[in-house]
>>> print(open('target_7.txt').read())   # compact mmCIF, C-alpha atoms
# COMPACT_ATOMS: atom_id res chain seq x y z
CA MET A 646 -27.69 53.95 43.68
CA ARG A 647 -25.37 51.49 45.08
CA PRO A 648 -25.92 47.84 44.21
CA SER A 649 -26.85 45.62 47.09
CA LEU A 650 -24.39 42.99 48.32
CA LEU A 651 -27.17 40.96 49.87
CA PRO A 652 -27.64 38.41 47.04
CA CYS A 653 -23.89 37.70 46.91
CA SER A 654 -23.58 37.36 50.64
CA GLY A 655 -26.55 34.95 50.67
CA VAL A 656 -24.86 32.58 48.20
CA ALA A 657 -21.56 32.80 50.06
CA GLY A 658 -23.34 32.10 53.33
CA ALA A 659 -25.07 29.01 51.90
CA LEU A 660 -21.73 27.65 50.68
CA LEU A 661 -20.15 28.26 54.05
CA LEU A 662 -23.06 26.51 55.78
CA MET A 663 -22.72 23.46 53.50
CA LEU A 664 -19.02 23.20 54.18
CA ALA A 665 -19.48 23.64 57.90
CA CYS A 666 -22.22 21.00 58.18
CA GLY A 667 -20.14 18.52 56.28
CA VAL A 668 -21.57 17.06 53.13
CA PRO A 669 -21.21 13.28 53.21
CA ASP A 670 -18.56 11.75 50.91
CA PRO A 671 -19.80 9.57 48.09
CA PRO A 672 -19.83 5.85 48.91
CA ALA A 673 -16.58 4.03 48.25
CA HIS A 674 -16.55 1.54 45.39
CA ALA A 675 -16.18 -2.11 46.15
CA LYS A 676 -12.62 -3.36 45.82
CA ARG A 677 -11.94 -5.26 42.63
CA THR A 678 -10.40 -8.66 42.81
CA PRO A 679 -8.70 -10.29 39.82
CA LYS A 680 -10.60 -13.15 38.29
CA PRO A 681 -8.77 -16.45 37.94
CA GLY A 682 -7.78 -17.45 34.44
CA LYS A 683 -5.27 -16.66 31.72
CA ALA A 684 -5.58 -14.19 28.85
CA GLU A 685 -5.05 -15.67 25.42
CA LEU A 686 -3.51 -13.28 22.91
CA PRO A 687 -3.05 -13.81 19.17
CA PRO A 688 0.43 -14.78 17.95
CA VAL A 689 2.95 -12.01 17.37
CA PRO A 690 2.98 -11.03 13.67
CA ASP A 691 6.22 -11.29 11.70
CA LEU A 692 7.32 -7.74 10.99
CA SER A 693 10.72 -8.58 9.55
CA PRO A 694 11.41 -7.17 6.08
CA PRO A 695 10.96 -9.50 3.12
CA SER A 696 13.98 -11.56 2.14
CA VAL A 697 13.86 -10.53 -1.52
CA PRO A 698 17.16 -9.09 -2.76
CA ASP A 699 17.32 -5.78 -4.62
CA LYS A 700 18.98 -7.58 -7.52
CA TYR A 701 18.98 -11.29 -8.34
CA PRO A 702 22.23 -13.14 -9.23
CA GLU A 703 21.24 -13.34 -12.91
CA GLY A 704 21.05 -9.52 -13.04
CA ALA A 705 17.27 -8.97 -12.89
CA TRP A 706 15.93 -6.47 -10.36
CA SER A 707 13.25 -7.25 -7.78
CA VAL A 708 10.16 -5.03 -7.69
CA ARG A 709 11.20 -3.54 -4.35
CA GLY A 710 14.78 -3.13 -5.57
CA VAL A 711 13.91 -1.17 -8.70
CA LEU A 712 11.27 1.00 -6.99
CA THR A 713 13.69 2.00 -4.20
CA ALA A 714 16.79 2.41 -6.39
CA ASP A 715 18.23 5.78 -7.36
CA ARG A 716 16.67 6.41 -10.77
CA LYS A 717 19.81 8.12 -12.04
CA THR A 718 21.83 4.91 -11.63
CA LEU A 719 19.38 2.61 -13.47
CA PRO A 720 20.46 1.49 -16.95
CA GLN A 721 18.43 2.40 -20.04
CA SER A 722 17.00 -1.13 -20.31
CA ILE A 723 16.35 -3.22 -17.19
CA GLN A 724 14.96 -6.63 -16.33
CA VAL A 725 12.50 -6.96 -13.44
CA LYS A 726 11.64 -10.34 -11.93
CA GLY A 727 8.41 -10.85 -10.06
CA TYR A 728 5.03 -12.52 -9.91
CA VAL A 729 2.13 -11.37 -12.06
CA ALA A 730 -0.30 -9.99 -9.47
CA ALA A 731 -2.93 -8.71 -11.94
CA LEU A 732 -3.25 -8.75 -15.71
CA ASN A 733 -5.49 -6.70 -17.97
CA ALA A 734 -5.20 -7.75 -21.61
CA CYS A 735 -7.03 -6.29 -24.58
CA PRO A 736 -8.35 -8.22 -27.59
CA LEU A 737 -6.72 -7.12 -30.84
CA THR A 738 -10.20 -6.89 -32.42
CA GLU A 739 -10.95 -3.78 -30.32
CA GLN A 740 -9.72 -0.42 -31.62
CA ALA A 741 -9.17 1.12 -28.18
CA CYS A 742 -9.19 -0.42 -24.74
CA LYS A 743 -10.04 1.21 -21.46
CA PRO A 744 -8.06 0.70 -19.33
CA ALA A 745 -4.98 0.18 -21.48
CA PRO A 746 -3.41 -3.31 -21.40
CA HIS A 747 -1.17 -3.64 -18.35
CA LEU A 748 -0.09 -5.91 -15.55
CA TYR A 749 1.22 -5.54 -12.03
CA LEU A 750 4.35 -7.29 -10.77
CA SER A 751 4.90 -8.17 -7.11
CA ASP A 752 7.79 -9.77 -5.22
CA GLU A 753 5.35 -12.09 -3.43
CA ALA A 754 3.69 -15.11 -5.03
CA ALA A 755 0.34 -14.09 -3.49
CA GLY A 756 0.56 -10.76 -5.35
CA THR A 757 0.45 -8.75 -2.13
CA GLY A 758 2.87 -6.09 -0.98
CA ARG A 759 4.53 -3.50 -3.18
CA ARG A 760 3.47 -3.64 -6.83
CA MET A 761 4.91 -2.23 -10.03
CA LEU A 762 2.90 -1.24 -13.12
CA VAL A 763 4.07 -2.82 -16.38
CA GLY A 764 2.68 -1.65 -19.72
CA GLY A 765 3.48 -0.23 -23.10
CA GLU A 766 2.41 -3.16 -25.22
CA ARG A 767 -1.02 -3.77 -26.69
CA ASP A 768 -0.84 -7.55 -27.15
CA LEU A 769 0.07 -8.94 -23.73
CA ASP A 770 -1.54 -12.28 -24.65
CA ARG A 771 1.33 -12.95 -27.08
CA ARG A 772 3.71 -13.19 -24.15
CA GLY A 773 1.66 -15.95 -22.52
CA TRP A 774 1.86 -14.52 -19.01
CA LYS A 775 -0.73 -15.60 -16.44
CA VAL A 776 -1.65 -14.31 -12.97
CA GLY A 777 0.50 -15.99 -10.29
CA GLN A 778 3.30 -16.84 -12.72
CA GLN A 779 6.85 -15.67 -11.98
CA ILE A 780 8.25 -13.79 -14.96
CA THR A 781 11.20 -11.61 -15.95
CA ALA A 782 10.09 -8.58 -17.94
CA GLN A 783 12.47 -6.33 -19.84
CA GLY A 784 11.91 -2.69 -20.63
CA LYS A 785 12.56 0.92 -19.73
CA PHE A 786 11.95 2.28 -16.23
CA ALA A 787 9.94 5.52 -16.30
CA THR A 788 7.20 7.38 -14.47
CA SER A 789 5.02 7.89 -17.56
CA SER A 790 4.82 6.80 -21.17
CA ALA A 791 5.44 9.25 -24.02
CA ASP A 792 1.78 9.02 -25.12
CA GLY A 793 0.51 9.62 -21.57
CA VAL A 794 -1.43 6.34 -21.41
CA TYR A 795 0.64 4.94 -18.53
CA PHE A 796 1.48 6.96 -15.44
CA ALA A 797 2.91 5.84 -12.09
CA PRO A 798 4.75 8.37 -9.91
CA ALA A 799 6.63 5.60 -8.06
CA GLY A 800 7.76 4.12 -11.39
CA LEU A 801 6.64 1.73 -14.10
CA LEU A 802 8.23 -0.58 -16.64
CA LEU A 803 7.51 0.13 -20.31
CA LEU A 804 7.98 -3.20 -22.08
CA GLU A 805 10.35 -3.59 -24.98
CA PRO A 806 8.34 -4.84 -27.98
CA LEU A 807 8.57 -8.50 -28.94
CA ALA A 808 9.98 -9.41 -32.31
CA PRO A 809 7.19 -10.03 -34.83
CA SER A 810 6.14 -13.67 -34.94
CA ALA A 811 6.65 -15.74 -38.08
CA ASP A 812 2.91 -16.46 -38.44
CA ALA A 813 1.91 -12.78 -38.27
CA VAL A 814 0.23 -11.44 -41.39
CA PRO A 815 1.83 -8.18 -42.65
>>> encode(input="target_7.txt", output="structure tokens")
Amino acid sequence: MRPSLLPCSGVAGALLLMLACGVPDPPAHAKRTPKPGKAELPPVPDLSPPSVPDKYPEGAWSVRGVLTADRKTLPQSIQVKGYVAALNACPLTEQACKPAPHLYLSDEAAGTGRRMLVGGERDLDRRGWKVGQQITAQGKFATSSADGVYFAPAGLLLLEPLAPSADAVP
């Protein structure tokens, strides 16, 4: 049996009839007119790079400078100058501390922006550093400590130990 073309021709005929009769266009939208007034935008943010040098005149590195430097060219012992952004000390009365004593240095006094992990010493209180204080720390630049306690892929500063104090009990 041959299929009938009647249902198809009926649909085609209805379409043709609709087009021939002319379906009315949708109503046009009212024209928009601008409202009087002035838009107030926020001020343009300052996107210029910070004015911190890679290396200070006295020879200390900035946080940004040491983290962007070629690691092969860095000396064995370096000095890094920055602001203490965060500090986590550990009392000497505790056997083990979690997390390990450390601090973060930043080039900005507010402690924002790029930060560098500084660790490797248990008694950070002996140094007298406080959050917000600008310091110059000396140590070895690395990505991890030998004992695996400190790890920072971008780089960290492992502090050189302080000389024992005169009032320390052996």
>>> closest_atom_pairs(input="target_7.txt", of="region 720-808 of chain A", to="region 708-712 of chain A", cutoff="9 Å", atoms="all atoms listed in the file", output="JSON lines")
{"residue": "A:Val725", "atom": "CA", "partner": "A:Val708", "partner_atom": "CA", "distance": 6.5}
{"residue": "A:Lys726", "atom": "CA", "partner": "A:Val708", "partner_atom": "CA", "distance": 7.0}
{"residue": "A:Gly727", "atom": "CA", "partner": "A:Val708", "partner_atom": "CA", "distance": 6.5}
{"residue": "A:Leu750", "atom": "CA", "partner": "A:Val708", "partner_atom": "CA", "distance": 7.0}
{"residue": "A:Ser751", "atom": "CA", "partner": "A:Val708", "partner_atom": "CA", "distance": 6.2}
{"residue": "A:Asp752", "atom": "CA", "partner": "A:Val708", "partner_atom": "CA", "distance": 5.8}
{"residue": "A:Arg759", "atom": "CA", "partner": "A:Arg709", "partner_atom": "CA", "distance": 6.8}
{"residue": "A:Arg760", "atom": "CA", "partner": "A:Val708", "partner_atom": "CA", "distance": 6.9}
{"residue": "A:Met761", "atom": "CA", "partner": "A:Val708", "partner_atom": "CA", "distance": 6.4}
{"residue": "A:Phe786", "atom": "CA", "partner": "A:Val711", "partner_atom": "CA", "distance": 8.5}
{"residue": "A:Ala799", "atom": "CA", "partner": "A:Leu712", "partner_atom": "CA", "distance": 6.6}
{"residue": "A:Gly800", "atom": "CA", "partner": "A:Leu712", "partner_atom": "CA", "distance": 6.4}
{"residue": "A:Leu801", "atom": "CA", "partner": "A:Leu712", "partner_atom": "CA", "distance": 8.5}
>>> closest_residue(input="target_7.txt", among="A:Leu802, A:Ala745, A:Ile723, A:Leu807", to="Arg771 (chain A)", atoms="all atoms listed in the file")
A:Leu807
>>> atom_distance(input="target_7.txt", atom1="CA of Ala754 (chain A)", atom2="CA of Ala797 (chain A)")
22.1 Å
>>> closest_residue(input="target_7.txt", among="A:Ala782, A:Gln721, A:Glu685, A:Ala730", to="Ala755 (chain A)", atoms="only C-alpha atoms")
A:Ala730
>>> atom_distance(input="target_7.txt", atom1="CA of Leu719 (chain A)", atom2="CA of Lys785 (chain A)")
9.4 Å
>>> closest_residue(input="target_7.txt", among="A:Gly756, A:Pro688, A:Pro720, A:Pro671", to="Gly704 (chain A)", atoms="only C-alpha atoms")
A:Pro720
>>> atom_distance(input="target_7.txt", atom1="CA of Tyr795 (chain A)", atom2="CA of Ser707 (chain A)")
20.6 Å
>>> axis_aligned_box(input="target_7.txt", around="region 728-736 of chain A", padding_each_side="6 Å", output="AutoDock Vina command-line options")
--center_x -1.7 --center_y -9.4 --center_z -18.5 --size_x 25.4 --size_y 18.2 --size_z 30.1
>>> residues_around(input="target_7.txt", residues="Val729 (chain A)", least_positions_apart="2", cutoff="8 Å", atoms="all atoms listed in the file", output="list in words")
Gly727, Ala731, Leu732, Leu748, Tyr749, Leu750, Ser751, Gly756, Trp774, Lys775, Val776, Gly777, Gln778, Gln779 and Ile780 of chain A
>>> write_last_selection(input="target_7.txt", atoms="C-alpha atoms", output="PDB file, in the frame of the given file")
ATOM      1  CA  GLY A 727       8.410 -10.850 -10.060  1.00  0.00           C
ATOM      2  CA  ALA A 731      -2.930  -8.710 -11.940  1.00  0.00           C
ATOM      3  CA  LEU A 732      -3.250  -8.750 -15.710  1.00  0.00           C
ATOM      4  CA  LEU A 748      -0.090  -5.910 -15.550  1.00  0.00           C
ATOM      5  CA  TYR A 749       1.220  -5.540 -12.030  1.00  0.00           C
ATOM      6  CA  LEU A 750       4.350  -7.290 -10.770  1.00  0.00           C
ATOM      7  CA  SER A 751       4.900  -8.170  -7.110  1.00  0.00           C
ATOM      8  CA  GLY A 756       0.560 -10.760  -5.350  1.00  0.00           C
ATOM      9  CA  TRP A 774       1.860 -14.520 -19.010  1.00  0.00           C
ATOM     10  CA  LYS A 775      -0.730 -15.600 -16.440  1.00  0.00           C
ATOM     11  CA  VAL A 776      -1.650 -14.310 -12.970  1.00  0.00           C
ATOM     12  CA  GLY A 777       0.500 -15.990 -10.290  1.00  0.00           C
ATOM     13  CA  GLN A 778       3.300 -16.840 -12.720  1.00  0.00           C
ATOM     14  CA  GLN A 779       6.850 -15.670 -11.980  1.00  0.00           C
ATOM     15  CA  ILE A 780       8.250 -13.790 -14.960  1.00  0.00           C
TER      16      ILE A 780
END
>>> decode(input="target_7.txt", residues="region 686-723 of chain A", atoms="N, CA and C atoms", output="compact mmCIF listing (two decimals), in the first residue's frame")
# COMPACT_ATOMS: atom_id res chain seq x y z
N LEU A 686 30.03 56.91 38.48
CA LEU A 686 30.82 55.69 38.54
C LEU A 686 31.84 55.78 39.66
N PRO A 687 32.29 54.63 40.19
CA PRO A 687 33.32 54.67 41.23
C PRO A 687 34.65 55.14 40.62
N PRO A 688 35.58 55.60 41.46
CA PRO A 688 36.86 56.06 40.93
C PRO A 688 37.64 54.91 40.29
N VAL A 689 38.49 55.24 39.36
CA VAL A 689 39.30 54.24 38.66
C VAL A 689 40.35 53.71 39.63
N PRO A 690 40.45 52.38 39.79
CA PRO A 690 41.45 51.83 40.73
C PRO A 690 42.87 52.00 40.17
N ASP A 691 43.82 52.10 41.09
CA ASP A 691 45.23 52.22 40.70
C ASP A 691 45.77 50.83 40.42
N LEU A 692 46.08 50.55 39.18
CA LEU A 692 46.58 49.24 38.79
C LEU A 692 48.08 49.25 38.50
N SER A 693 48.75 50.34 38.86
CA SER A 693 50.19 50.40 38.62
C SER A 693 50.91 49.45 39.57
N PRO A 694 52.03 48.88 39.11
CA PRO A 694 52.75 47.93 39.97
C PRO A 694 53.32 48.63 41.20
N PRO A 695 53.51 47.89 42.29
CA PRO A 695 54.03 48.51 43.50
C PRO A 695 55.43 49.08 43.26
N SER A 696 55.76 50.10 44.02
CA SER A 696 57.05 50.77 43.83
C SER A 696 58.15 50.19 44.72
N VAL A 697 58.04 48.95 45.08
CA VAL A 697 59.05 48.29 45.91
C VAL A 697 60.15 47.76 44.99
N PRO A 698 61.41 48.07 45.30
CA PRO A 698 62.49 47.56 44.44
C PRO A 698 62.72 46.07 44.67
N ASP A 699 63.37 45.41 43.73
CA ASP A 699 63.73 44.01 43.92
C ASP A 699 64.75 43.87 45.03
N LYS A 700 65.66 44.83 45.10
CA LYS A 700 66.71 44.81 46.11
C LYS A 700 66.89 46.21 46.67
N TYR A 701 66.97 46.32 47.99
CA TYR A 701 67.14 47.61 48.65
C TYR A 701 68.61 48.02 48.59
N PRO A 702 68.89 49.33 48.75
CA PRO A 702 70.29 49.81 48.69
C PRO A 702 71.22 49.12 49.69
N GLU A 703 70.71 48.74 50.85
CA GLU A 703 71.57 48.09 51.86
C GLU A 703 71.85 46.62 51.54
N GLY A 704 71.25 46.10 50.46
CA GLY A 704 71.54 44.74 50.02
C GLY A 704 70.46 43.72 50.32
N ALA A 705 69.45 44.09 51.11
CA ALA A 705 68.36 43.16 51.42
C ALA A 705 67.40 43.08 50.23
N TRP A 706 66.82 41.92 50.03
CA TRP A 706 65.84 41.70 48.97
C TRP A 706 64.46 42.10 49.45
N SER A 707 63.58 42.47 48.53
CA SER A 707 62.17 42.64 48.86
C SER A 707 61.51 41.27 48.69
N VAL A 708 60.32 41.11 49.22
CA VAL A 708 59.60 39.83 49.10
C VAL A 708 59.34 39.53 47.63
N ARG A 709 58.83 40.51 46.90
CA ARG A 709 58.57 40.32 45.47
C ARG A 709 59.86 40.03 44.72
N GLY A 710 60.93 40.74 45.07
CA GLY A 710 62.21 40.56 44.40
C GLY A 710 62.77 39.16 44.55
N VAL A 711 62.73 38.62 45.76
CA VAL A 711 63.31 37.29 45.98
C VAL A 711 62.41 36.19 45.39
N LEU A 712 61.09 36.38 45.43
CA LEU A 712 60.19 35.36 44.89
C LEU A 712 60.17 35.33 43.36
N THR A 713 60.57 36.43 42.71
CA THR A 713 60.60 36.45 41.25
C THR A 713 62.01 36.30 40.69
N ALA A 714 63.02 36.25 41.55
CA ALA A 714 64.40 36.13 41.09
C ALA A 714 64.70 34.72 40.58
N ASP A 715 65.72 34.62 39.75
CA ASP A 715 66.19 33.31 39.29
C ASP A 715 66.87 32.63 40.48
N ARG A 716 66.36 31.50 40.89
CA ARG A 716 66.86 30.83 42.10
C ARG A 716 68.33 30.43 41.99
N LYS A 717 68.79 30.21 40.78
CA LYS A 717 70.18 29.81 40.58
C LYS A 717 71.15 30.94 40.90
N THR A 718 70.69 32.19 40.80
CA THR A 718 71.56 33.33 41.03
C THR A 718 71.54 33.82 42.47
N LEU A 719 70.65 33.29 43.31
CA LEU A 719 70.57 33.74 44.70
C LEU A 719 71.76 33.20 45.50
N PRO A 720 72.32 34.02 46.38
CA PRO A 720 73.42 33.53 47.22
C PRO A 720 72.94 32.52 48.24
N GLN A 721 73.86 31.83 48.88
CA GLN A 721 73.53 30.81 49.87
C GLN A 721 72.73 31.41 51.03
N SER A 722 73.16 32.57 51.51
CA SER A 722 72.47 33.25 52.61
C SER A 722 71.98 34.60 52.10
N ILE A 723 70.69 34.89 52.31
CA ILE A 723 70.13 36.16 51.85
C ILE A 723 69.40 36.87 52.98
